[in-house]
Every structure is written in structure tokens, then in C-alpha cells.
>>> print(open('data-v8.cif').read())   # mmCIF, C-alpha atoms, pLDDT in the B column; chains and numbers go by the auth columns
data_entry
#
loop_
_atom_site.group_PDB
_atom_site.id
_atom_site.type_symbol
_atom_site.label_atom_id
_atom_site.label_comp_id
_atom_site.label_asym_id
_atom_site.label_seq_id
_atom_site.Cartn_x
_atom_site.Cartn_y
_atom_site.Cartn_z
_atom_site.B_iso_or_equiv
_atom_site.auth_seq_id
_atom_site.auth_asym_id
ATOM 1 C CA MET A 1 134.664 138.578 191.850 59.00 12 A
ATOM 2 C CA LYS A 2 134.645 137.740 195.539 70.00 13 A
ATOM 3 C CA TYR A 3 131.694 140.071 196.139 69.00 14 A
ATOM 4 C CA LEU A 4 129.743 138.634 193.202 68.00 15 A
ATOM 5 C CA ALA A 5 129.823 135.147 194.695 75.00 16 A
ATOM 6 C CA LYS A 6 128.740 136.357 198.144 81.00 17 A
ATOM 7 C CA ASN A 7 124.991 135.790 198.735 82.00 18 A
ATOM 8 C CA TRP A 8 124.279 135.615 195.014 83.00 19 A
ATOM 9 C CA GLN A 9 121.218 133.420 195.465 89.00 20 A
ATOM 10 C CA GLN A 10 119.584 135.839 197.891 88.00 21 A
ATOM 11 C CA ARG A 11 120.294 138.848 195.669 86.00 22 A
ATOM 12 C CA THR A 12 119.032 137.011 192.594 88.00 23 A
ATOM 13 C CA ILE A 13 115.803 136.033 194.339 91.00 24 A
ATOM 14 C CA ILE A 14 115.227 139.642 195.434 88.00 25 A
ATOM 15 C CA ILE A 15 115.734 140.947 191.906 86.00 26 A
ATOM 16 C CA VAL A 16 113.503 138.284 190.363 89.00 27 A
ATOM 17 C CA LEU A 17 110.714 138.870 192.912 91.00 28 A
ATOM 18 C CA ILE A 18 110.729 142.631 192.416 88.00 29 A
ATOM 19 C CA SER A 19 110.787 142.178 188.641 86.00 30 A
ATOM 20 C CA LEU A 20 107.820 139.800 188.856 90.00 31 A
ATOM 21 C CA ILE A 21 105.892 142.248 191.026 90.00 32 A
ATOM 22 C CA PHE A 22 106.537 145.105 188.589 85.00 33 A
ATOM 23 C CA SER A 23 105.619 142.914 185.620 86.00 34 A
ATOM 24 C CA GLY A 24 102.393 141.872 187.319 89.00 35 A
ATOM 25 C CA LEU A 25 101.498 145.461 188.122 87.00 36 A
ATOM 26 C CA MET A 26 102.189 146.587 184.572 84.00 37 A
ATOM 27 C CA TRP A 27 100.152 143.677 183.230 85.00 38 A
ATOM 28 C CA THR A 28 97.152 144.601 185.405 88.00 39 A
ATOM 29 C CA ILE A 29 97.335 148.201 184.164 86.00 40 A
ATOM 30 C CA GLU A 30 96.670 146.858 180.676 83.00 41 A
ATOM 31 C CA PHE A 31 93.155 145.826 181.736 84.00 42 A
ATOM 32 C CA SER A 32 92.225 149.116 183.406 85.00 43 A
ATOM 33 C CA SER A 33 89.700 151.530 181.970 87.00 44 A
ATOM 34 C CA TRP A 34 92.483 154.106 181.686 83.00 45 A
ATOM 35 C CA ALA A 35 94.459 151.898 179.284 80.00 46 A
ATOM 36 C CA GLU A 36 91.321 151.037 177.366 84.00 47 A
ATOM 37 C CA SER A 37 90.514 154.713 176.821 86.00 48 A
ATOM 38 C CA ILE A 38 94.065 155.359 175.618 80.00 49 A
ATOM 39 C CA ASN A 39 93.861 152.442 173.179 79.00 50 A
ATOM 40 C CA ASN A 40 90.469 153.603 171.877 82.00 51 A
ATOM 41 C CA SER A 41 91.662 157.178 171.380 80.00 52 A
ATOM 42 C CA ALA A 42 94.771 155.930 169.549 71.00 53 A
ATOM 43 C CA MET A 43 92.625 153.818 167.219 68.00 54 A
ATOM 44 C CA MET A 44 90.313 156.741 166.510 68.00 55 A
ATOM 45 C CA THR A 45 93.277 159.009 165.788 59.00 56 A
ATOM 46 C CA GLU A 46 94.797 156.469 163.406 57.00 57 A
ATOM 47 C CA SER A 47 91.573 155.939 161.479 56.00 58 A
ATOM 48 C CA HIS A 48 90.877 159.683 161.036 56.00 59 A
ATOM 49 C CA SER A 49 94.426 160.761 160.367 52.00 60 A
ATOM 50 C CA ASP A 50 95.444 161.768 156.860 55.00 61 A
ATOM 51 C CA GLU A 51 98.935 162.697 157.972 60.00 62 A
ATOM 52 C CA LYS A 52 102.048 160.640 157.446 67.00 63 A
ATOM 53 C CA SER A 53 103.069 158.219 160.170 69.00 64 A
ATOM 54 C CA ALA A 54 106.032 158.910 162.437 73.00 65 A
ATOM 55 C CA PRO A 55 109.489 158.701 160.838 83.00 66 A
ATOM 56 C CA PHE A 56 111.411 155.461 161.121 83.00 67 A
ATOM 57 C CA ILE A 57 114.229 157.045 163.172 86.00 68 A
ATOM 58 C CA PHE A 58 111.740 158.410 165.697 84.00 69 A
ATOM 59 C CA MET A 59 110.130 154.989 166.110 83.00 70 A
ATOM 60 C CA LEU A 60 113.546 153.381 166.526 85.00 71 A
ATOM 61 C CA VAL A 61 114.608 155.877 169.197 87.00 72 A
ATOM 62 C CA MET A 62 111.287 155.562 171.026 87.00 73 A
ATOM 63 C CA SER A 63 111.629 151.777 171.206 87.00 74 A
ATOM 64 C CA PHE A 64 115.005 152.199 172.924 88.00 75 A
ATOM 65 C CA VAL A 65 113.573 154.812 175.283 89.00 76 A
ATOM 66 C CA LYS A 66 110.773 152.401 176.191 89.00 77 A
ATOM 67 C CA LEU A 67 113.295 149.637 176.801 87.00 78 A
ATOM 68 C CA LEU A 68 115.431 151.886 178.996 88.00 79 A
ATOM 69 C CA VAL A 69 112.481 153.076 181.054 87.00 80 A
ATOM 70 C CA LEU A 70 111.052 149.602 181.564 85.00 81 A
ATOM 71 C CA THR A 71 114.417 148.232 182.692 88.00 82 A
ATOM 72 C CA LEU A 72 115.784 151.184 184.640 90.00 83 A
ATOM 73 C CA VAL A 73 112.687 151.798 186.777 88.00 84 A
ATOM 74 C CA PRO A 74 112.683 148.310 188.361 84.00 85 A
ATOM 75 C CA PHE A 75 116.489 148.444 188.623 88.00 86 A
ATOM 76 C CA THR A 76 116.393 151.784 190.432 91.00 87 A
ATOM 77 C CA VAL A 77 113.668 150.653 192.826 89.00 88 A
ATOM 78 C CA THR A 78 115.510 147.400 193.541 87.00 89 A
ATOM 79 C CA TYR A 79 118.794 149.206 194.072 90.00 90 A
ATOM 80 C CA GLY A 80 117.135 151.672 196.439 92.00 91 A
ATOM 81 C CA LEU A 81 115.439 148.910 198.433 90.00 92 A
ATOM 82 C CA VAL A 82 118.650 146.917 198.758 89.00 93 A
ATOM 83 C CA ALA A 83 120.553 150.043 199.845 92.00 94 A
ATOM 84 C CA LEU A 84 117.832 150.830 202.408 93.00 95 A
ATOM 85 C CA VAL A 85 117.873 147.284 203.783 91.00 96 A
ATOM 86 C CA ASN A 86 121.673 147.371 204.018 91.00 97 A
ATOM 87 C CA LYS A 87 121.606 150.738 205.781 93.00 98 A
ATOM 88 C CA VAL A 88 118.992 149.542 208.290 92.00 99 A
ATOM 89 C CA SER A 89 120.848 146.306 208.993 89.00 100 A
ATOM 90 C CA LYS A 90 124.146 148.162 209.479 89.00 101 A
ATOM 91 C CA SER A 91 122.540 150.614 211.887 87.00 102 A
ATOM 92 C CA GLN A 92 120.971 147.734 213.821 86.00 103 A
ATOM 93 C CA LYS A 93 124.345 146.002 214.024 83.00 104 A
ATOM 94 C CA ARG A 94 125.999 149.222 215.224 81.00 105 A
ATOM 95 C CA SER A 95 123.325 149.822 217.870 80.00 106 A
ATOM 96 C CA ALA A 96 123.581 146.199 219.043 74.00 107 A
ATOM 97 C CA LYS A 97 127.370 146.520 219.219 73.00 108 A
ATOM 98 C CA THR A 98 127.063 149.781 221.168 73.00 109 A
ATOM 99 C CA MET A 99 124.602 148.237 223.615 68.00 110 A
ATOM 100 C CA HIS A 100 126.880 145.236 224.065 66.00 111 A
ATOM 101 C CA THR A 101 129.871 147.525 224.743 68.00 112 A
ATOM 102 C CA GLN A 102 127.897 149.591 227.273 65.00 113 A
ATOM 103 C CA ARG A 103 126.806 146.457 229.150 67.00 114 A
ATOM 104 C CA ASN A 104 130.376 145.221 229.486 62.00 115 A
ATOM 105 C CA ARG A 105 131.573 148.473 231.130 59.00 116 A
#
>>> encode(input="data-v8.cif", output="C-alpha cells")
Amino acid sequence: MKYLAKNWQQRTIIIVLISLIFSGLMWTIEFSSWAESINNSAMMTESHSDEKSAPFIFMLVMSFVKLLVLTLVPFTVTYGLVALVNKVSKSQKRSAKTMHTQRNR
């Protein structure tokens, strides 16, 4: 619990900002010509298809897969960025400490 209370505002702001950036990027993809062509091809396939639609279980599983992907990708990127920032700051602190020790000799 002690770690959770340490710098929680800063960590929350980082997570919210990265989530907003990812959401904005995904929203802009919706208006691209690539997404439009996918939507048009899906509509054409639906209108010309005489086959049965996908089973209910498949649609249920795919909705969970979509949810997992859309939450785990930003989480993984955020976790990697925070780990990288921590590693860089620790190495800077170590190099500053080493330089300080060498000056005092």
C-alpha cells in the first residue's frame, strides 16, 4: 500500500495521457481511406452473402478478444515507457553519484 500512495498523481496523469493519445490515434484511423475500404467491403460481403452469420459463441469470444487487445496494448506501451524512464533515471542517478564520489577523492 505504501508504494501505491507514492507519486500516484504523476502515475495517473501518465496513464491518462497515454490512453488519450492512443484513443485519439485510433479515432483518427476511423476516418482513413483504409478503414473506409474495409467498411465498404464488409457491407458488400454482408449484402451478397447467403451463408449463416457467425455463431453466437464466436461473437462473444471475439468481443472479449477485442477488449483484451484494446486494453493490453496501451497498458503494455505505458508499462514499457515507465520502465524505460525509471531505468534512465536510475542510471543518471548512479552516474551522478559516481562522478560525485570521484570528485571527492
>>> atom_distance(input="data-v8.cif", atom1="CA of Val99 in chain A", atom2="CA of Ile32 in chain A")
22.9 Å
>>> axis_aligned_box(input="data-v8.cif", around="range 89-92 of chain A", padding_each_side="6 Å", output="AutoDock Vina command-line options")
--center_x 117.1 --center_y 149.5 --center_z 196.0 --size_x 15.4 --size_y 16.3 --size_z 16.9
>>> atom_distance(input="data-v8.cif", atom1="CA of Ser102 in chain A", atom2="CA of Arg22 in chain A")
20.2 Å
>>> atom_distance(input="data-v8.cif", atom1="CA of Leu31 in chain A", atom2="CA of Leu95 in chain A")
20.1 Å
>>> closest_atom_pairs(input="data-v8.cif", of="range 16-42 of chain A", to="range 78-86 of chain A", cutoff="8 Å", atoms="all atoms listed in the file", output="JSON lines")
{"residue": "A:Ile29", "atom": "CA", "partner": "A:Pro85", "partner_atom": "CA", "distance": 7.2}
{"residue": "A:Ser30", "atom": "CA", "partner": "A:Pro85", "partner_atom": "CA", "distance": 6.4}
{"residue": "A:Phe33", "atom": "CA", "partner": "A:Pro85", "partner_atom": "CA", "distance": 6.9}
